[in-house]
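Student: Pasting final.txt below, which is compact mmCIF, C-alpha atoms.
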# COMPACT_ATOMS: atom_id res chain seq x y z
CA MET A 1 28.66 -37.76 -3.54
CA ARG A 2 31.53 -36.28 -1.55
CA PHE A 3 31.08 -32.99 -3.43
CA ILE A 4 27.39 -32.90 -2.50
CA ARG A 5 28.22 -33.74 1.12
CA ASP A 6 30.76 -30.90 1.24
CA PHE A 7 28.51 -28.47 -0.63
CA LEU A 8 25.32 -28.98 1.38
CA PRO A 9 26.49 -27.20 4.57
CA HIS A 10 27.55 -24.16 2.51
CA LEU A 11 24.21 -24.07 0.74
CA SER A 12 22.49 -24.30 4.13
CA ILE A 13 24.58 -21.40 5.45
CA SER A 14 23.73 -19.35 2.37
CA MET A 15 20.03 -20.05 2.66
CA LEU A 16 20.10 -19.14 6.35
CA LEU A 17 21.86 -15.85 5.54
CA GLY A 18 19.27 -15.29 2.82
CA LEU A 19 16.52 -15.81 5.38
CA VAL A 20 18.08 -13.17 7.64
CA VAL A 21 18.04 -10.75 4.68
CA LEU A 22 14.38 -11.57 3.99
CA VAL A 23 13.44 -10.98 7.65
CA ILE A 24 15.07 -7.52 7.49
CA LEU A 25 13.38 -6.73 4.17
CA ASP A 26 10.03 -7.89 5.51
CA GLU A 27 10.38 -5.55 8.50
CA HIS A 28 10.94 -2.64 6.10
CA ASN A 29 8.27 -3.56 3.60
CA PRO A 30 5.74 -6.08 4.92
CA THR A 31 3.39 -5.56 1.99
CA MET A 32 5.86 -7.37 -0.26
CA LYS A 33 5.16 -10.52 1.77
CA PHE A 34 8.80 -11.64 1.82
CA LEU A 35 8.02 -14.16 4.56
CA THR A 36 4.44 -15.13 3.91
CA SER A 37 4.16 -15.66 0.16
CA GLY A 38 3.97 -19.08 -1.46
CA THR A 39 7.56 -18.73 -2.70
CA SER A 40 8.74 -17.96 0.83
CA LYS A 41 7.06 -21.06 2.16
CA ILE A 42 8.79 -23.20 -0.46
CA TYR A 43 12.07 -21.46 0.42
CA LEU A 44 11.63 -22.29 4.11
CA LEU A 45 10.70 -25.87 3.32
CA LEU A 46 13.77 -26.28 1.10
CA MET A 47 15.98 -24.77 3.76
CA CYS A 48 14.63 -27.13 6.41
CA ALA A 49 15.20 -30.12 4.11
CA LEU A 50 18.74 -28.98 3.36
CA CYS A 51 19.64 -28.37 6.99
CA LEU A 52 18.16 -31.71 7.98
CA THR A 53 20.08 -33.55 5.26
CA SER A 54 23.32 -31.79 6.18
CA LEU A 55 22.91 -32.62 9.85
CA ILE A 56 22.01 -36.25 9.17
CA LEU A 57 25.10 -36.60 6.97
CA TYR A 58 27.18 -34.92 9.66
CA VAL A 59 25.90 -37.24 12.39
CA ALA A 60 26.44 -40.28 10.16
CA GLU A 61 30.00 -39.11 9.45
CA LYS A 62 30.69 -38.68 13.14
CA ARG A 63 29.42 -42.18 13.90
CA LYS A 64 31.88 -43.81 11.46
CA MET B 65 47.35 -48.61 12.41
CA GLU B 66 43.94 -46.90 12.74
CA ALA B 67 45.61 -43.73 13.96
CA ARG B 68 47.88 -43.75 10.92
CA GLU B 69 44.85 -44.13 8.58
CA THR B 70 43.11 -41.24 10.29
CA GLU B 71 46.23 -39.15 9.99
CA GLY B 72 46.41 -40.06 6.31
CA ARG B 73 42.81 -38.99 5.76
CA HIS B 74 43.45 -35.70 7.52
CA SER B 75 46.60 -35.01 5.53
CA GLN B 76 44.72 -35.76 2.28
CA GLY B 77 41.90 -33.42 3.35
CA ALA B 78 44.36 -30.73 4.43
CA GLY B 79 45.85 -30.73 0.95
CA ARG B 80 42.53 -29.67 -0.56
CA ARG B 81 41.41 -27.41 2.28
CA ARG B 82 40.60 -23.85 1.18
CA PRO B 83 41.50 -20.82 3.29
CA VAL B 84 38.73 -19.54 5.58
CA TRP B 85 38.39 -16.17 3.82
CA GLN B 86 37.76 -17.99 0.55
CA LEU B 87 35.00 -20.06 2.15
CA ILE B 88 33.37 -16.93 3.59
CA VAL B 89 33.49 -15.13 0.23
CA MET B 90 32.07 -18.21 -1.50
CA ASP B 91 29.24 -18.46 1.03
CA ILE B 92 28.38 -14.78 0.62
CA LEU B 93 28.37 -15.14 -3.17
CA LEU B 94 26.22 -18.23 -2.84
CA THR B 95 23.83 -16.24 -0.63
CA GLY B 96 23.56 -13.67 -3.40
CA VAL B 97 22.75 -16.40 -5.91
CA VAL B 98 20.12 -17.88 -3.56
CA LEU B 99 18.49 -14.46 -3.11
CA CYS B 100 18.50 -13.83 -6.86
CA ILE B 101 16.73 -17.14 -7.44
CA PHE B 102 14.25 -16.27 -4.69
CA ALA B 103 13.62 -12.81 -6.18
CA THR B 104 13.03 -14.37 -9.59
CA PHE B 105 10.26 -16.61 -8.31
CA HIS B 106 8.88 -14.18 -5.73
CA HIS B 107 8.74 -10.99 -7.75
CA VAL B 108 10.04 -11.08 -11.32
CA ILE B 109 7.98 -13.97 -12.74
CA PRO B 110 4.69 -12.87 -11.03
CA THR B 111 5.26 -9.28 -12.26
CA ILE B 112 5.77 -10.45 -15.84
CA ARG B 113 2.62 -12.56 -15.56
CA ARG B 114 0.63 -9.61 -14.15
CA ARG B 115 1.84 -7.36 -16.96
CA THR B 116 0.72 -9.82 -19.60
CA THR B 117 -2.62 -10.75 -18.08
CA ALA B 118 -5.90 -8.90 -18.15
CA PRO B 119 -6.58 -6.16 -15.60
CA ILE B 120 -7.75 -7.21 -12.14
CA GLU B 121 -11.36 -8.34 -12.33
CA PRO B 122 -14.09 -8.02 -9.69
CA ILE B 123 -15.84 -11.12 -8.34
CA ALA B 124 -19.09 -9.41 -7.35
CA THR B 125 -20.81 -6.05 -7.25
CA VAL B 126 -22.36 -4.29 -4.28
CA ALA B 127 -25.62 -2.73 -5.44
CA PRO B 128 -26.05 0.89 -4.43
CA PRO B 129 -28.98 1.48 -2.08
CA PRO B 130 -32.27 2.52 -3.68
CA THR B 131 -32.79 6.27 -3.75
CA LEU B 132 -35.28 7.20 -1.05
CA MET B 133 -37.78 9.90 -1.84
CA PRO B 134 -37.67 12.45 0.95
CA GLU B 135 -40.93 12.62 2.87
CA GLU B 136 -42.90 15.80 2.53
CA THR B 137 -42.41 17.99 5.55
CA PRO B 138 -44.36 21.09 6.47
CA GLU B 139 -41.24 23.21 6.98
CA PRO B 140 -38.41 23.45 4.46
CA THR B 141 -35.39 21.68 6.01
CA ILE B 142 -32.14 20.54 4.49
CA ASP B 143 -32.13 16.82 3.93
CA PRO B 144 -28.78 15.53 5.28
CA ASN B 145 -28.70 13.02 2.41
CA ASP B 146 -29.01 15.78 -0.16
CA TRP B 147 -25.40 16.87 -0.38
CA HIS B 148 -26.24 19.43 -3.08
CA ALA B 149 -28.31 21.36 -0.58
CA LYS B 150 -26.11 20.62 2.42
CA PHE B 151 -22.95 21.98 0.81
CA ALA B 152 -24.63 24.43 -1.58
CA GLY B 153 -22.25 27.21 -0.55
CA HIS B 154 -19.28 25.25 -1.87
CA PHE B 155 -20.62 24.30 -5.30
CA THR B 156 -20.98 26.54 -8.32
CA ASP B 157 -23.44 26.38 -11.22
CA GLU B 158 -20.59 26.21 -13.71
CA VAL B 159 -17.10 24.79 -13.57
CA VAL B 160 -14.70 27.27 -12.02
CA VAL B 161 -11.01 26.39 -11.98
CA THR B 162 -8.27 28.40 -10.29
CA GLU B 163 -4.66 27.59 -9.50
CA ASN B 164 -5.59 25.83 -6.28
CA SER B 165 -9.32 25.18 -6.50
CA TYR B 166 -12.01 23.56 -8.58
CA SER B 167 -15.73 23.87 -8.20
CA SER B 168 -18.67 22.63 -10.22
CA PRO B 169 -22.30 21.67 -9.51
CA ASP B 170 -21.09 18.39 -7.94
CA ILE B 171 -17.55 18.96 -6.68
CA SER B 172 -15.62 21.48 -4.65
CA VAL B 173 -11.88 20.98 -4.11
CA THR B 174 -9.45 23.41 -2.53
CA VAL B 175 -5.76 22.54 -2.30
CA GLU B 176 -3.60 24.27 0.26
CA LYS B 177 0.14 24.01 0.85
CA ILE B 178 1.07 24.07 4.52
CA PHE B 179 4.57 24.40 5.99
CA THR B 180 5.37 23.85 9.66
CA ASP B 181 8.69 24.18 11.45
CA GLU B 182 7.81 23.00 14.92
CA ASP B 183 10.89 22.05 17.02
CA ASP B 184 13.11 22.72 13.97
CA TRP B 185 11.47 19.81 12.17
CA GLU B 186 10.31 21.14 8.83
CA MET B 187 7.28 19.53 7.24
CA THR B 188 5.45 20.49 4.09
CA TYR B 189 2.12 18.96 3.30
CA TYR B 190 -0.70 19.50 0.85
CA LEU B 191 -4.24 19.51 2.14
CA ALA B 192 -7.13 19.00 -0.26
CA ASP B 193 -10.50 19.90 1.22
CA ILE B 194 -13.19 18.05 -0.69
CA TYR B 195 -16.97 18.41 -0.92
CA ILE B 196 -18.94 16.16 -3.24
CA ALA B 197 -22.61 16.03 -4.11
CA ASP B 198 -22.56 12.45 -5.36
CA ILE B 199 -20.66 9.52 -3.88
CA GLU B 200 -19.70 8.46 -7.43
CA CYS B 201 -17.45 11.51 -7.60
CA PHE B 202 -15.14 9.59 -5.26
CA LYS B 203 -13.50 6.64 -7.00
CA THR B 204 -10.51 4.39 -6.55
CA CYS B 205 -8.99 3.37 -9.86
CA PHE B 206 -6.52 0.74 -10.98
CA SER B 207 -3.95 1.55 -13.62
CA LEU B 208 -5.31 0.66 -17.05
CA ARG B 209 -2.39 0.46 -19.47
CA THR B 210 0.18 -1.49 -17.45
CA THR B 211 0.38 -2.78 -13.88
CA TYR B 212 1.97 0.47 -12.75
CA GLN B 213 1.66 3.88 -14.38
CA PRO B 214 2.98 7.39 -13.78
CA ALA B 215 0.57 9.19 -11.43
CA VAL B 216 -0.34 12.00 -13.81
CA GLU B 217 -1.06 9.54 -16.62
CA LEU B 218 -3.17 7.29 -14.38
CA ALA B 219 -5.17 10.23 -13.04
CA GLY B 220 -5.66 11.51 -16.60
CA ASP B 221 -6.99 8.14 -17.76
CA TYR B 222 -9.93 8.57 -15.37
CA GLY B 223 -10.48 12.29 -15.81
CA ALA B 224 -9.42 12.99 -12.24
CA ILE B 225 -9.64 16.53 -10.95
CA LEU B 226 -7.80 15.50 -7.81
CA ALA B 227 -5.97 12.24 -7.21
CA ILE B 228 -3.70 10.73 -4.58
CA ASN B 229 -1.86 7.45 -4.48
CA GLY B 230 -3.83 4.52 -3.09
CA ASP B 231 -2.92 1.50 -1.00
CA PHE B 232 -1.04 -0.50 -3.67
CA ALA B 233 -3.74 -3.15 -3.38
CA ARG B 234 -2.27 -4.99 -6.38
CA ASN B 235 0.72 -5.95 -4.25
CA GLN B 236 -1.49 -7.66 -1.71
CA GLY B 237 -3.47 -10.53 -3.13
CA TYR B 238 -5.32 -11.01 0.15
CA GLY B 239 -7.65 -9.15 2.49
CA LEU B 240 -10.90 -7.31 1.86
CA LEU B 241 -10.99 -5.30 -1.35
CA VAL B 242 -14.00 -3.40 -2.67
CA ARG B 243 -13.52 -0.76 -5.32
CA ASN B 244 -16.37 1.43 -6.62
CA GLY B 245 -18.92 -1.10 -5.36
CA GLU B 246 -17.23 -4.10 -6.95
CA ILE B 247 -15.86 -6.83 -4.70
CA TYR B 248 -12.40 -8.10 -5.66
CA LEU B 249 -11.34 -9.91 -2.47
CA GLU B 250 -13.35 -10.86 0.59
CA ASP B 251 -10.82 -12.22 3.09
CA GLN B 252 -9.74 -11.15 6.52
CA THR B 253 -6.40 -9.33 6.83
CA ASP B 254 -4.03 -8.33 9.62
CA ASN B 255 -4.11 -4.69 8.51
CA ASP B 256 -6.47 -2.01 9.79
CA ILE B 257 -8.99 -1.19 7.08
CA CYS B 258 -10.94 1.89 6.03
CA VAL B 259 -14.42 1.55 4.55
CA LEU B 260 -16.45 4.13 2.66
CA TYR B 261 -20.13 3.24 2.46
CA TYR B 262 -22.60 4.27 -0.24
CA ASP B 263 -24.25 6.68 2.18
CA GLY B 264 -20.96 8.61 2.36
CA THR B 265 -19.99 7.57 5.88
CA MET B 266 -16.43 6.42 6.37
CA GLU B 267 -15.23 4.18 9.17
CA THR B 268 -11.87 2.73 10.08
CA TYR B 269 -11.50 -0.63 11.80
CA GLY B 270 -8.57 -2.10 13.70
CA ALA B 271 -7.37 -5.48 12.43
CA ASP B 272 -9.20 -7.32 15.24
CA GLU B 273 -12.29 -5.12 15.24
CA TYR B 274 -14.12 -6.35 12.17
CA GLU B 275 -15.27 -9.38 10.25
CA ALA B 276 -15.03 -9.12 6.46
CA GLU B 277 -18.40 -10.91 6.09
CA GLU B 278 -20.15 -8.41 8.38
CA ILE B 279 -18.65 -5.46 6.53
CA LEU B 280 -19.83 -6.83 3.20
CA GLN B 281 -23.38 -7.14 4.50
CA ARG B 282 -23.52 -3.34 4.56
CA GLU B 283 -23.48 -1.27 1.38
CA VAL B 284 -19.74 -0.96 0.89
CA TYR B 285 -18.60 1.42 -1.84
CA GLN B 286 -14.84 1.44 -1.25
CA ASN B 287 -12.34 0.01 1.15
CA TRP B 288 -8.61 0.41 1.59
CA LYS B 289 -6.27 -1.98 3.33
CA PHE B 290 -2.92 -0.35 3.95
CA GLY B 291 -3.34 1.47 7.26
CA PRO B 292 -3.07 2.00 10.06
CA GLU B 293 -6.09 3.94 11.28
CA LEU B 294 -4.93 7.24 12.74
CA LEU B 295 -7.61 8.54 15.10
CA GLU B 296 -9.39 7.26 18.19
CA PRO B 297 -13.21 7.11 18.08
CA ASP B 298 -13.32 10.51 19.85
CA GLY B 299 -11.20 12.11 17.10
CA SER B 300 -8.00 12.37 19.13
CA PRO B 301 -4.78 11.05 17.55
CA LYS B 302 -3.92 7.46 18.31
CA GLU B 303 -0.73 6.78 20.23
CA GLU B 304 -0.20 3.16 19.22
CA PHE B 305 -0.47 2.02 15.64
CA ASN B 306 -0.90 -1.34 13.98
CA THR B 307 2.19 -1.07 11.79
CA THR B 308 5.91 -1.84 11.68
CA TRP B 309 8.63 0.49 12.97
CA ALA B 310 9.86 1.08 9.42
CA ILE B 311 6.47 2.41 8.34
CA TYR B 312 5.96 4.23 11.66
CA ASN B 313 9.19 6.26 11.36
CA GLU B 314 9.69 9.55 9.50
CA ASN B 315 8.46 9.13 5.94
CA PRO B 316 6.57 10.94 3.21
CA ARG B 317 2.92 10.10 3.83
CA THR B 318 -0.48 10.03 2.22
CA GLY B 319 -3.70 9.94 4.21
CA LEU B 320 -7.42 10.25 3.93
CA GLY B 321 -9.67 12.11 6.39
CA TYR B 322 -13.41 12.17 6.93
CA TYR B 323 -15.55 14.93 8.45
CA GLU B 324 -19.11 13.96 7.51
CA PRO B 325 -20.85 12.28 4.55
CA GLY B 326 -19.83 14.21 1.44
CA HIS B 327 -16.96 16.08 3.11
CA TYR B 328 -13.48 14.53 3.06
CA CYS B 329 -9.85 15.57 2.90
CA PHE B 330 -6.68 14.21 1.35
CA VAL B 331 -3.30 14.97 2.87
CA VAL B 332 0.01 14.31 1.12
CA LEU B 333 3.06 15.06 3.23
CA ASP B 334 6.46 15.27 1.56
CA GLY B 335 9.60 13.89 3.19
CA ARG B 336 13.24 12.85 2.91
CA GLN B 337 14.08 16.36 1.68
CA PRO B 338 15.87 18.31 4.44
CA GLY B 339 15.27 22.04 4.22
CA TYR B 340 11.90 21.48 2.57
CA SER B 341 10.20 18.61 4.35
CA LYS B 342 11.67 15.78 6.40
CA GLY B 343 8.52 13.68 6.63
CA ALA B 344 6.54 12.67 9.69
CA LYS B 345 6.22 9.81 12.10
CA MET B 346 2.81 8.17 12.22
CA ASP B 347 1.82 9.99 15.43
CA GLY B 348 2.74 13.35 13.88
CA PHE B 349 0.66 12.50 10.83
CA ALA B 350 -2.30 11.47 13.00
CA LYS B 351 -2.07 14.80 14.84
CA ILE B 352 -2.53 16.69 11.54
CA PHE B 353 -5.91 14.99 10.99
CA ALA B 354 -6.94 15.48 14.61
CA ASP B 355 -6.11 19.21 14.34
CA LEU B 356 -8.15 19.40 11.13
CA GLY B 357 -11.15 18.12 13.09
CA CYS B 358 -11.58 14.86 11.19
CA VAL B 359 -13.81 12.20 12.68
CA CYS B 360 -11.68 9.40 11.31
CA ALA B 361 -8.51 9.19 9.26
CA TYR B 362 -6.53 6.49 7.55
CA ASN B 363 -2.95 6.14 6.36
CA LEU B 364 -2.35 5.03 2.77
CA ASP B 365 0.86 3.96 1.05
CA GLY B 366 3.69 6.46 1.60
CA GLY B 367 7.38 6.89 0.85
CA ASP B 368 8.14 7.47 -2.81
CA SER B 369 4.49 6.66 -3.62
CA SER B 370 3.15 9.79 -1.90
CA ILE B 371 1.84 11.86 -4.80
CA MET B 372 -1.01 14.31 -5.23
CA VAL B 373 -2.23 15.25 -8.71
CA PHE B 374 -4.50 18.27 -9.16
CA ASN B 375 -5.84 19.49 -12.49
CA GLY B 376 -3.44 17.24 -14.43
CA ALA B 377 -0.20 18.13 -12.64
CA GLU B 378 1.70 16.90 -9.60
CA VAL B 379 1.37 19.44 -6.82
CA ASN B 380 3.80 18.01 -4.28
CA GLN B 381 7.48 17.07 -4.51
CA PRO B 382 7.61 13.26 -4.19
CA SER B 383 10.80 11.87 -2.72
CA HIS B 384 13.18 10.49 -5.37
CA GLY B 385 10.80 11.84 -8.00
CA GLY B 386 8.04 9.45 -6.97
CA ARG B 387 7.23 6.05 -8.41
CA GLU B 388 4.70 4.55 -10.78
CA LEU B 389 1.42 3.63 -9.11
CA GLY B 390 -0.99 0.72 -9.34
CA ASP B 391 -4.03 2.56 -8.01
CA MET B 392 -5.20 6.03 -7.04
CA LEU B 393 -8.06 7.62 -5.11
CA ILE B 394 -9.64 10.15 -7.41
CA ILE B 395 -12.21 12.90 -7.28
CA GLY B 396 -13.85 13.39 -10.66
CA GLU B 397 -17.11 14.38 -12.27
CA PRO B 398 -19.63 11.50 -11.99
CA ASP B 399 -20.59 11.60 -15.68
CA TRP B 400 -17.00 11.82 -17.00
CA ALA B 401 -16.14 9.45 -19.84
CA PRO B 402 -12.89 9.12 -21.76
CA GLU B 403 -12.79 10.78 -25.14
CA PRO B 404 -12.88 8.14 -27.88
CA GLU B 405 -9.59 7.69 -29.70
CA GLU B 406 -9.34 8.30 -33.42
CA GLY B 407 -11.20 5.64 -35.36
CA GLU B 408 -12.95 4.37 -32.22
CA THR B 409 -16.74 4.45 -32.06
CA PRO B 410 -17.91 6.37 -29.00
As a first step, turn the structure in this file into C-alpha cells.
Tutor:
Amino acid sequence: MRFIRDFLPHLSISMLLGLVVLVILDEHNPTMKFLTSGTSKIYLLLMCALCLTSLILYVAEKRK
Amino acid sequence: MEARETEGRHSQGAGRRRPVWQLIVMDILLTGVVLCIFATFHHVIPTIRRRTTAPIEPIATVAPPPTLMPEETPEPTIDPNDWHAKFAGHFTDEVVVTENSYSSPDISVTVEKIFTDEDDWEMTYYLADIYIADIECFKTCFSLRTTYQPAVELAGDYGAILAINGDFARNQGYGLLVRNGEIYLEDQTDNDICVLYYDGTMETYGADEYEAEEILQREVYQNWKFGPELLEPDGSPKEEFNTTWAIYNENPRTGLGYYEPGHYCFVVLDGRQPGYSKGAKMDGFAKIFADLGCVCAYNLDGGDSSIMVFNGAEVNQPSHGGRELGDMLIIGEPDWAPEPEEGETP
C-alpha cells in the first residue's frame, strides 16, 4: 500500500509529461490524432483518475 | 512525545530517501514507458489490424449523372460538356509519349520542372498540366497490396500515367470521404475539403462553409480532406489558412489546381534540400496556383509524402527519399485494366 502511495505521484508526473509530449506532437502532425483518438481519451481519463487518487491520498495524509 | 514520534518517522523516511537526480531520471524513464504503452495502443496495434484486414470498403456509391444528348442546334458550336471537342488541340489520335509529356485520345499531360530563386530562396517544383476527355481518367486510389506502398508500385498497380500523393485518408477515420463515386465516410470534419463533381467542376470549402449532407446531395465524384484551400473565390492567394503552424511553415508540398471542367494541374514542390529546393510556406504555395491562373486550388499531404510519378518513374526528389503512401491521385486511361497474372483467368 505504501509503495502504491509513493508510486502514484511519480506515475502522475510521468503521465503529465507524456501529455505535454503528445500536445507537441499533435501540433506537428494533427492528422495522427494524438489528442482526439479513442486511446487519447482513455489516456486522459486514466491520468485524471491517477491525479485525483494521488491528491486524495495526499490530503488524507496531511490530515493525519 | 508526539514530536519524538514525528522525528522518528522522518528519520526512518530519510534513511530510504533517494537523491533528487535519481527521482528525476526515474520519472523521465517512466514517462518513456508511458509513451511507449500509449504508442502501442494508439498506433502499433491499429496498424497491425489494418494490415491484416481487408482493404477499405465503400458504404455507398454515387451514381454518375445520365448522359444528356446534346440538343440539335442550327450552327455547329462546341458543347462545353464535350471535353473531346473542347480540348481537341491537346489530344492525339494515338498515344504519344515523350520524356515529359503524354497524349492520347482521352488524356494530355505535360510535366514541367520549374526553378525559382526569388529573394535567395530556392524552390523547385514540378507542374503537371492535365487535360482529360472523361472524368473517369481522374481517379484516387488506395494502396492494394498493403496499407502503405511505394509510390511507383502503387501508381503502377492502377496503370497511372501521372500520379501524386493523396491526402493520407487512411490515417483519418473521420470526415467526408468519396473516392471514384463511392462513399466511404459521410461525417463533418474540421478540415477544409476539396470536391470534384462528376461534371468536372472542382470546388473547395472552408471547414465552416459546408455541410457534408448537402455536398452528398450533389453528384460527388471525389473529395479530399487534408487542406487547406489555397485560393480566394476570386482566384487570389489566401492570406490566412485553416492549418497548424507546423504544416504552414516551409515544407515540401503537393497541391491540386483547377482551371475549368476537364483541365486541372498537379504541383509537387520539393523541400528540405538546400541548394536545390528549400520548400515553401503555405502562402508561397498558394501564390504558385494564383500565378498559374487556377480558379481554385487545394493542398494535399506534404513533407516526405510529396511525390510525383510520371510514366512509371518518380520525377521529383522527395525529401528523405519519400515515404510509402496509402493513396494517390492518378491520371490514367479510362478503360485500363490490370494484366492478368500467370494462371489467372482474365
Student: Looking at all atoms listed in the file, which of A:Met1, A:Leu19, A:Leu25, A:Ala60 is the one that sits closest to A:Cys48?
Tutor: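 When distances to A:Cys48 are compared using all atoms listed in the file, the smallest one comes from A:Leu19.
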Student: Which of these residues is nearest to A:Val20, using all atoms listed in the file: A:Ser54, A:Leu44, A:Ile4, A:Gly38?
Tutor: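 Of A:Ser54, A:Leu44, A:Ile4, A:Gly38, the one nearest A:Val20 is A:Leu44, counting all atoms listed in the file.
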Student: For chain A against chain B, which residues fall within 7 Å using only C-alpha atoms, given as an NGL selection string?
Tutor: :A and (10 or 14-15 or 17-18 or 27-28 or 31-32 or 39)
Student: Using Å and a single decimal, report how far atom CA of B:Asp263 sits from atom CA of B:Glu324.
Tutor: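 Here the two named atoms are 10.4 Å from each other.
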Student: If I take atom CA of B:Tyr222 and atom CA of B:Pro402, how far is one from the other in Å, to one decimal?
Tutor: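 Computing the Euclidean distance for atom CA of B:Tyr222 and atom CA of B:Pro402 yields 7.1 Å.
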Student: What lies within 9 Å of B:Glu267 using only C-alpha atoms, ignoring chain neighbours under 6 positions off, as a list in words?
Tutor: Ile257, Cys258, Val259, Leu260, Tyr261, Tyr322, Val359, Cys360 and Ala361 of chain B
Student: Quick one, how far is atom CA of B:Thr268 from atom CA of B:Tyr362?
Tutor: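 According to the coordinates, atom CA of B:Thr268 and atom CA of B:Tyr362 are separated by 7.0 Å.
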Student: Box for stretch 160-175 of chain B: with edges along x, y and z, all listed atoms inside and 5 Å added on each side, what are the centre and edge lengths in Å to one decimal, as AutoDock Vina command-line options?
Tutor:
--center_x -13.5 --center_y 23.4 --center_z -7.2 --size_x 27.6 --size_y 20.0 --size_z 19.7
Student: Would you kindly return, as a list in words, each protein, DNA or RNA residue with an atom no farther than 10 Å from any atom of stretch 182-189 of chain B, considering all atoms listed in the file and excluding same-chain residues fewer than 4 positions away?
Tutor: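 Answer for this query is Glu176, Lys177, Ile178, Pro316, Arg317, Thr318, Val331, Val332, Leu333, Asp334, Gly335, Arg336, Gln337, Pro338, Gly339, Tyr340, Ser341, Lys342, Gly343, Ala344, Ile352, Asn380 and Gln381 of chain B.
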Student: Please write as a ChimeraX atom specification the list of polymer residues whose atoms come within 7 Å of (-14.5, 16.1, -0.5), counting all atoms listed in the file and keeping to the coordinates of the file.
Tutor: /B:172-173,193-196,326-329
Student: Nearest residue to B:Gly291 out of B:Tyr238, B:Tyr269, B:Tyr248, B:Tyr323, using all atoms listed in the file?
Tutor: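 Closest residue, counting all atoms listed in the file: B:Tyr269.
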Student: With only C-alpha atoms as the counted atoms, please give the residues lying no more than 9 Å from B:Leu218, apart from itself and same-chain residues fewer than 5 positions off, as a PyMOL selection string.
Tutor: chain B and resi 205-209+212-213+223-224+389-392
Student: Calculated over all atoms listed in the file, which of the candidates B:Val379, B:Asp347, B:Met266, B:Gln286 has the smallest distance to B:Asn306?
Tutor: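 Residue with the minimum atom-to-atom distance to B:Asn306: B:Asp347.
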Student: Neighbours of A:Leu46 within 12 Å (all atoms listed in the file; same-chain residues fewer than 3 positions away dropped), as a tab-separated table (two decimals) with C-alpha atoms, in the frame of the given file?
Tutor:
chain	number	residue	atom	x	y	z
A	8	LEU	CA	25.32	-28.98	1.38
A	11	LEU	CA	24.21	-24.07	0.74
A	12	SER	CA	22.49	-24.30	4.13
A	15	MET	CA	20.03	-20.05	2.66
A	16	LEU	CA	20.10	-19.14	6.35
A	19	LEU	CA	16.52	-15.81	5.38
A	39	THR	CA	7.56	-18.73	-2.70
A	40	SER	CA	8.74	-17.96	0.83
A	41	LYS	CA	7.06	-21.06	2.16
A	42	ILE	CA	8.79	-23.20	-0.46
A	43	TYR	CA	12.07	-21.46	0.42
A	49	ALA	CA	15.20	-30.12	4.11
A	50	LEU	CA	18.74	-28.98	3.36
A	51	CYS	CA	19.64	-28.37	6.99
A	52	LEU	CA	18.16	-31.71	7.98
A	53	THR	CA	20.08	-33.55	5.26
B	98	VAL	CA	20.12	-17.88	-3.56
B	102	PHE	CA	14.25	-16.27	-4.69
